[in-house]
Amino acid sequence: MSAGTRLENENPVIFQRTGDRLLTATDEDEDVHDPIDDREIFDILSINDPEHPLSLEELNVVEQVRVKVNDAESTVGIEFTPTIPHCSMATLIGLSIKVKLLRSLPERFKIDVHITPGTHASEEAGRKNHKETAGMMRYYIHVVNTGVTKNQKTGLLNTFNIRTTN
């Protein structure tokens with residue numbers, strides 16, 4: 001946020017991060033089929049909130065219980081909950097989640113990202129983010145391109161960039 005810009009949610013509730021995933025010998029064995037599960041998808045979603053210097057997990061925008069994966073059918077469903085019912089960043093958050101998953105998962109996965117029902121004043125608009133005007137999409141692409149998150153396990157920076165074609 002630029003100086004002088006008023007935050008929509010000035011005092012968000014901050015939640016504790018989930019602990020590190022416990023790895024088993026089977027998880028690390030390359031010869032054993034390891035299906036993608038809810039926790040693995042949740043771990044991928046280390047995305048910073050566009051308004052606050054906090055992660056979506058710390059703001060409880062994304063929760064592991066709202067991640068549904070069916071590895072056999074190659075589907076991933078994510079519900080996210082904006083911190084306030086009139087959050088103007090909901091479309092950007094949904095787009096950031098979808099882009100992060102598209103870039104992280106094998107192409108076989110169908111990804112459905114939507115606002116948790118009953119938690120946003122215009123949840124239908126959040127579902128239609130792909131139908132935004134070209135000008136708004138260019139803005140969203142720019143913001144997502146500049147998104148940088150820190151991987152909590154490795155301490156390295158993860159970035160994701162959207163490539164556009166003219």
# chains A, B, ... in the order shown; residues from 1 in each chain; ligands from 1
>>> residues_around(residues="region 85-88 of chain A", least_positions_apart="2", cutoff="12 Å", atoms="only C-alpha atoms", output="list in words")
Leu7, Glu8, Asn9, Glu10, Asp49, Pro50, Glu51, Val61, Thr81, Pro82, Thr83, Ala90, Thr91, Leu92, Ile93, Gly94, Ile115, Thr116, Pro117, Gly118, Thr119, His120, Ala121, Ser122, Glu123, Ala125 and Gly126 of chain A
>>> write_last_selection(atoms="C-alpha atoms", output="short mmCIF file (atom, residue, chain, number, x, y, z; two decimals), in the first residue's frame")
data_model
loop_
_atom_site.label_atom_id
_atom_site.label_comp_id
_atom_site.auth_asym_id
_atom_site.auth_seq_id
_atom_site.Cartn_x
_atom_site.Cartn_y
_atom_site.Cartn_z
CA LEU A 7 -6.45 0.16 4.57
CA GLU A 8 -9.82 -1.54 4.22
CA ASN A 9 -9.14 -3.74 7.24
CA GLU A 10 -6.77 -1.76 9.46
CA ASP A 49 -1.91 -10.72 1.38
CA PRO A 50 -2.00 -7.81 -1.12
CA GLU A 51 -2.90 -5.31 1.63
CA VAL A 61 -8.02 -16.35 4.29
CA THR A 81 -12.44 -16.34 3.01
CA PRO A 82 -11.73 -12.60 2.71
CA THR A 83 -11.06 -10.89 6.04
CA ALA A 90 -10.99 -10.74 -3.29
CA THR A 91 -10.62 -11.12 -7.05
CA LEU A 92 -6.87 -10.50 -6.84
CA ILE A 93 -6.53 -13.04 -4.02
CA GLY A 94 -8.46 -15.67 -5.98
CA ILE A 115 -14.89 -17.48 -2.22
CA THR A 116 -16.34 -19.36 0.75
CA PRO A 117 -20.15 -19.04 0.33
CA GLY A 118 -21.71 -16.33 2.48
CA THR A 119 -18.45 -14.55 3.35
CA HIS A 120 -18.29 -11.77 0.75
CA ALA A 121 -20.72 -9.12 -0.43
CA SER A 122 -20.06 -9.91 -4.08
CA GLU A 123 -18.86 -13.52 -4.08
CA ALA A 125 -17.80 -11.37 -8.89
CA GLY A 126 -14.92 -13.31 -7.29
#
>>> residues_around(residues="region 62-73 of chain A", least_positions_apart="3", cutoff="9 Å", atoms="only C-alpha atoms", output="list in words")
Pro35, Ile36, Asp37, Asp38, Arg39, Ile41, Phe42, Asp43, Leu45, Leu56, Glu57, Glu58, Leu59, Val76, Gly77, Ile78, Glu79, Phe80, Thr81, Pro82, Phe109, Lys110 and Thr116 of chain A
>>> atom_distance(atom1="CA of Ile97 (chain A)", atom2="CA of Asp34 (chain A)")
22.9 Å
>>> select_by_dssp(residues="region 49-91 of chain A", states="helix (DSSP H, G or I)", output="list in words")
Gln64, Val65, Arg66, Ala90 and Thr91 of chain A
>>> residues_around(residues="Leu102 (chain A)", least_positions_apart="2", cutoff="12 Å", atoms="only C-alpha atoms", output="compact mmCIF listing (two decimals) with all heavy atoms, in the first residue's frame")
# COMPACT_ATOMS: atom_id res chain seq x y z
N ILE A 41 -1.14 -29.24 -1.00
CA ILE A 41 -1.68 -28.06 -1.68
C ILE A 41 -1.66 -26.86 -0.74
O ILE A 41 -1.26 -25.76 -1.12
CB ILE A 41 -3.12 -28.32 -2.20
CG1 ILE A 41 -3.12 -29.44 -3.24
CG2 ILE A 41 -3.75 -27.05 -2.74
CD1 ILE A 41 -2.29 -29.18 -4.47
N ILE A 44 1.64 -25.24 -0.56
CA ILE A 44 1.96 -24.46 -1.77
C ILE A 44 1.44 -23.03 -1.64
O ILE A 44 2.02 -22.10 -2.19
CB ILE A 44 1.37 -25.13 -3.03
CG1 ILE A 44 2.10 -26.44 -3.32
CG2 ILE A 44 1.42 -24.20 -4.24
CD1 ILE A 44 1.45 -27.27 -4.41
N LEU A 45 0.36 -22.84 -0.90
CA LEU A 45 -0.32 -21.55 -0.86
C LEU A 45 0.33 -20.55 0.10
O LEU A 45 -0.35 -19.85 0.84
CB LEU A 45 -1.80 -21.75 -0.50
CG LEU A 45 -2.60 -22.56 -1.50
CD1 LEU A 45 -4.03 -22.75 -1.01
CD2 LEU A 45 -2.58 -21.90 -2.87
N THR A 75 -8.31 -33.23 -9.51
CA THR A 75 -9.04 -32.01 -9.19
C THR A 75 -8.55 -31.40 -7.88
O THR A 75 -8.19 -32.13 -6.96
CB THR A 75 -10.56 -32.26 -9.08
OG1 THR A 75 -10.80 -33.21 -8.04
CG2 THR A 75 -11.14 -32.76 -10.39
N VAL A 76 -8.54 -30.08 -7.86
CA VAL A 76 -8.21 -29.33 -6.65
C VAL A 76 -9.27 -28.26 -6.49
O VAL A 76 -9.56 -27.52 -7.43
CB VAL A 76 -6.81 -28.67 -6.74
CG1 VAL A 76 -6.56 -27.77 -5.54
CG2 VAL A 76 -5.73 -29.71 -6.87
N LEU A 95 -7.24 -14.89 -7.92
CA LEU A 95 -6.35 -15.02 -9.07
C LEU A 95 -4.95 -15.45 -8.64
O LEU A 95 -4.33 -16.32 -9.26
CB LEU A 95 -6.30 -13.71 -9.85
CG LEU A 95 -5.40 -13.69 -11.09
CD1 LEU A 95 -5.90 -14.68 -12.13
CD2 LEU A 95 -5.37 -12.28 -11.68
N SER A 96 -4.45 -14.88 -7.56
CA SER A 96 -3.12 -15.24 -7.06
C SER A 96 -3.06 -16.70 -6.65
O SER A 96 -2.09 -17.40 -6.94
CB SER A 96 -2.74 -14.35 -5.88
OG SER A 96 -2.63 -13.01 -6.28
N ILE A 97 -4.11 -17.17 -5.99
CA ILE A 97 -4.17 -18.58 -5.58
C ILE A 97 -4.16 -19.48 -6.81
O ILE A 97 -3.41 -20.45 -6.90
CB ILE A 97 -5.41 -18.85 -4.71
CG1 ILE A 97 -5.27 -18.15 -3.35
CG2 ILE A 97 -5.65 -20.35 -4.53
CD1 ILE A 97 -6.55 -18.13 -2.52
N LYS A 98 -4.99 -19.13 -7.79
CA LYS A 98 -5.09 -19.97 -8.99
C LYS A 98 -3.77 -19.99 -9.76
O LYS A 98 -3.31 -21.05 -10.19
CB LYS A 98 -6.23 -19.49 -9.89
CG LYS A 98 -6.46 -20.43 -11.06
CD LYS A 98 -7.87 -20.45 -11.49
CE LYS A 98 -8.08 -21.57 -12.50
NZ LYS A 98 -9.47 -21.78 -12.79
N VAL A 99 -3.14 -18.84 -9.92
CA VAL A 99 -1.87 -18.77 -10.65
C VAL A 99 -0.80 -19.58 -9.92
O VAL A 99 -0.05 -20.34 -10.54
CB VAL A 99 -1.42 -17.31 -10.84
CG1 VAL A 99 0.03 -17.22 -11.29
CG2 VAL A 99 -2.33 -16.61 -11.83
N LYS A 100 -0.73 -19.45 -8.62
CA LYS A 100 0.26 -20.20 -7.84
C LYS A 100 0.07 -21.70 -8.05
O LYS A 100 1.04 -22.44 -8.25
CB LYS A 100 0.14 -19.83 -6.37
CG LYS A 100 1.14 -20.50 -5.46
CD LYS A 100 2.48 -19.82 -5.50
CE LYS A 100 3.39 -20.45 -4.47
NZ LYS A 100 4.47 -19.62 -4.06
N SER A 104 2.41 -24.57 -9.99
CA SER A 104 3.02 -25.55 -9.09
C SER A 104 2.61 -26.99 -9.36
O SER A 104 3.34 -27.90 -9.00
CB SER A 104 2.67 -25.20 -7.64
OG SER A 104 3.09 -23.91 -7.32
N LEU A 105 1.44 -27.18 -9.93
CA LEU A 105 0.90 -28.53 -10.11
C LEU A 105 1.09 -29.04 -11.53
O LEU A 105 1.20 -28.25 -12.46
CB LEU A 105 -0.60 -28.53 -9.78
CG LEU A 105 -0.97 -28.26 -8.33
CD1 LEU A 105 -2.48 -28.13 -8.19
CD2 LEU A 105 -0.43 -29.36 -7.44
N PRO A 106 1.07 -30.36 -11.69
CA PRO A 106 1.10 -30.91 -13.05
C PRO A 106 -0.11 -30.42 -13.85
O PRO A 106 -1.17 -30.13 -13.28
CB PRO A 106 1.01 -32.42 -12.82
CG PRO A 106 1.46 -32.63 -11.41
CD PRO A 106 1.07 -31.40 -10.67
N GLU A 107 0.04 -30.32 -15.15
CA GLU A 107 -1.02 -29.79 -16.02
C GLU A 107 -2.31 -30.59 -15.97
O GLU A 107 -3.37 -30.09 -16.32
CB GLU A 107 -0.53 -29.71 -17.46
CG GLU A 107 0.49 -28.62 -17.68
CD GLU A 107 0.91 -28.51 -19.14
OE1 GLU A 107 0.22 -29.08 -20.02
OE2 GLU A 107 1.92 -27.86 -19.39
N ARG A 108 -2.26 -31.84 -15.52
CA ARG A 108 -3.46 -32.69 -15.50
C ARG A 108 -4.52 -32.19 -14.53
O ARG A 108 -5.68 -32.57 -14.62
CB ARG A 108 -3.07 -34.13 -15.17
CG ARG A 108 -2.58 -34.34 -13.75
CD ARG A 108 -2.15 -35.79 -13.51
NE ARG A 108 -1.50 -35.99 -12.25
CZ ARG A 108 -2.11 -36.34 -11.13
NH1 ARG A 108 -3.41 -36.55 -11.12
NH2 ARG A 108 -1.42 -36.52 -10.02
N PHE A 109 -4.16 -31.31 -13.58
CA PHE A 109 -5.11 -30.89 -12.56
C PHE A 109 -6.06 -29.79 -13.04
O PHE A 109 -5.65 -28.83 -13.68
CB PHE A 109 -4.38 -30.39 -11.31
CG PHE A 109 -3.94 -31.51 -10.41
CD1 PHE A 109 -2.68 -32.06 -10.56
CD2 PHE A 109 -4.80 -32.02 -9.46
CE1 PHE A 109 -2.28 -33.10 -9.75
CE2 PHE A 109 -4.41 -33.07 -8.64
CZ PHE A 109 -3.15 -33.61 -8.79
N LYS A 110 -7.33 -29.97 -12.72
CA LYS A 110 -8.35 -28.93 -12.90
C LYS A 110 -8.46 -28.22 -11.56
O LYS A 110 -8.63 -28.86 -10.52
CB LYS A 110 -9.69 -29.54 -13.28
CG LYS A 110 -10.77 -28.50 -13.46
CD LYS A 110 -12.12 -29.15 -13.74
CE LYS A 110 -13.21 -28.15 -13.97
NZ LYS A 110 -13.43 -27.21 -12.90
N ILE A 111 -8.34 -26.91 -11.57
CA ILE A 111 -8.29 -26.14 -10.34
C ILE A 111 -9.52 -25.23 -10.25
O ILE A 111 -9.81 -24.47 -11.18
CB ILE A 111 -7.00 -25.28 -10.30
CG1 ILE A 111 -5.79 -26.20 -10.37
CG2 ILE A 111 -6.98 -24.41 -9.05
CD1 ILE A 111 -4.49 -25.49 -10.66
N ASP A 112 -10.23 -25.32 -9.13
CA ASP A 112 -11.41 -24.49 -8.88
C ASP A 112 -11.14 -23.66 -7.62
O ASP A 112 -10.93 -24.22 -6.54
CB ASP A 112 -12.65 -25.37 -8.69
CG ASP A 112 -13.89 -24.56 -8.36
OD1 ASP A 112 -14.05 -23.46 -8.93
OD2 ASP A 112 -14.70 -25.02 -7.54
N VAL A 113 -11.10 -22.35 -7.78
CA VAL A 113 -10.86 -21.44 -6.66
C VAL A 113 -12.07 -20.53 -6.55
O VAL A 113 -12.47 -19.90 -7.53
CB VAL A 113 -9.59 -20.59 -6.88
CG1 VAL A 113 -9.39 -19.60 -5.74
CG2 VAL A 113 -8.36 -21.49 -7.05
N PHE A 160 6.42 -15.85 -8.44
CA PHE A 160 5.69 -16.40 -9.58
C PHE A 160 5.39 -15.26 -10.51
O PHE A 160 5.09 -14.17 -10.11
CB PHE A 160 4.41 -17.13 -9.14
CG PHE A 160 3.52 -16.38 -8.22
CD1 PHE A 160 2.46 -15.63 -8.68
CD2 PHE A 160 3.74 -16.41 -6.85
CE1 PHE A 160 1.64 -14.93 -7.83
CE2 PHE A 160 2.93 -15.71 -5.97
CZ PHE A 160 1.88 -14.98 -6.47
N ASN A 161 5.57 -15.53 -11.80
CA ASN A 161 5.38 -14.52 -12.83
C ASN A 161 4.36 -15.02 -13.82
O ASN A 161 4.33 -16.19 -14.15
CB ASN A 161 6.69 -14.24 -13.57
CG ASN A 161 7.74 -13.66 -12.65
OD1 ASN A 161 7.49 -12.64 -12.04
ND2 ASN A 161 8.88 -14.30 -12.55
N ILE A 162 3.56 -14.12 -14.31
CA ILE A 162 2.59 -14.47 -15.33
C ILE A 162 3.16 -14.01 -16.65
O ILE A 162 3.56 -12.88 -16.81
CB ILE A 162 1.23 -13.77 -15.09
CG1 ILE A 162 0.65 -14.26 -13.77
CG2 ILE A 162 0.28 -14.00 -16.24
CD1 ILE A 162 -0.63 -13.57 -13.40
>>> closest_residue(among="A:Met89, A:Arg103, A:Thr26, A:Arg21", to="His52 (chain A)", atoms="only C-alpha atoms")
A:Met89
>>> atom_distance(atom1="CA of Ser46 (chain A)", atom2="CA of Leu23 (chain A)")
18.5 Å
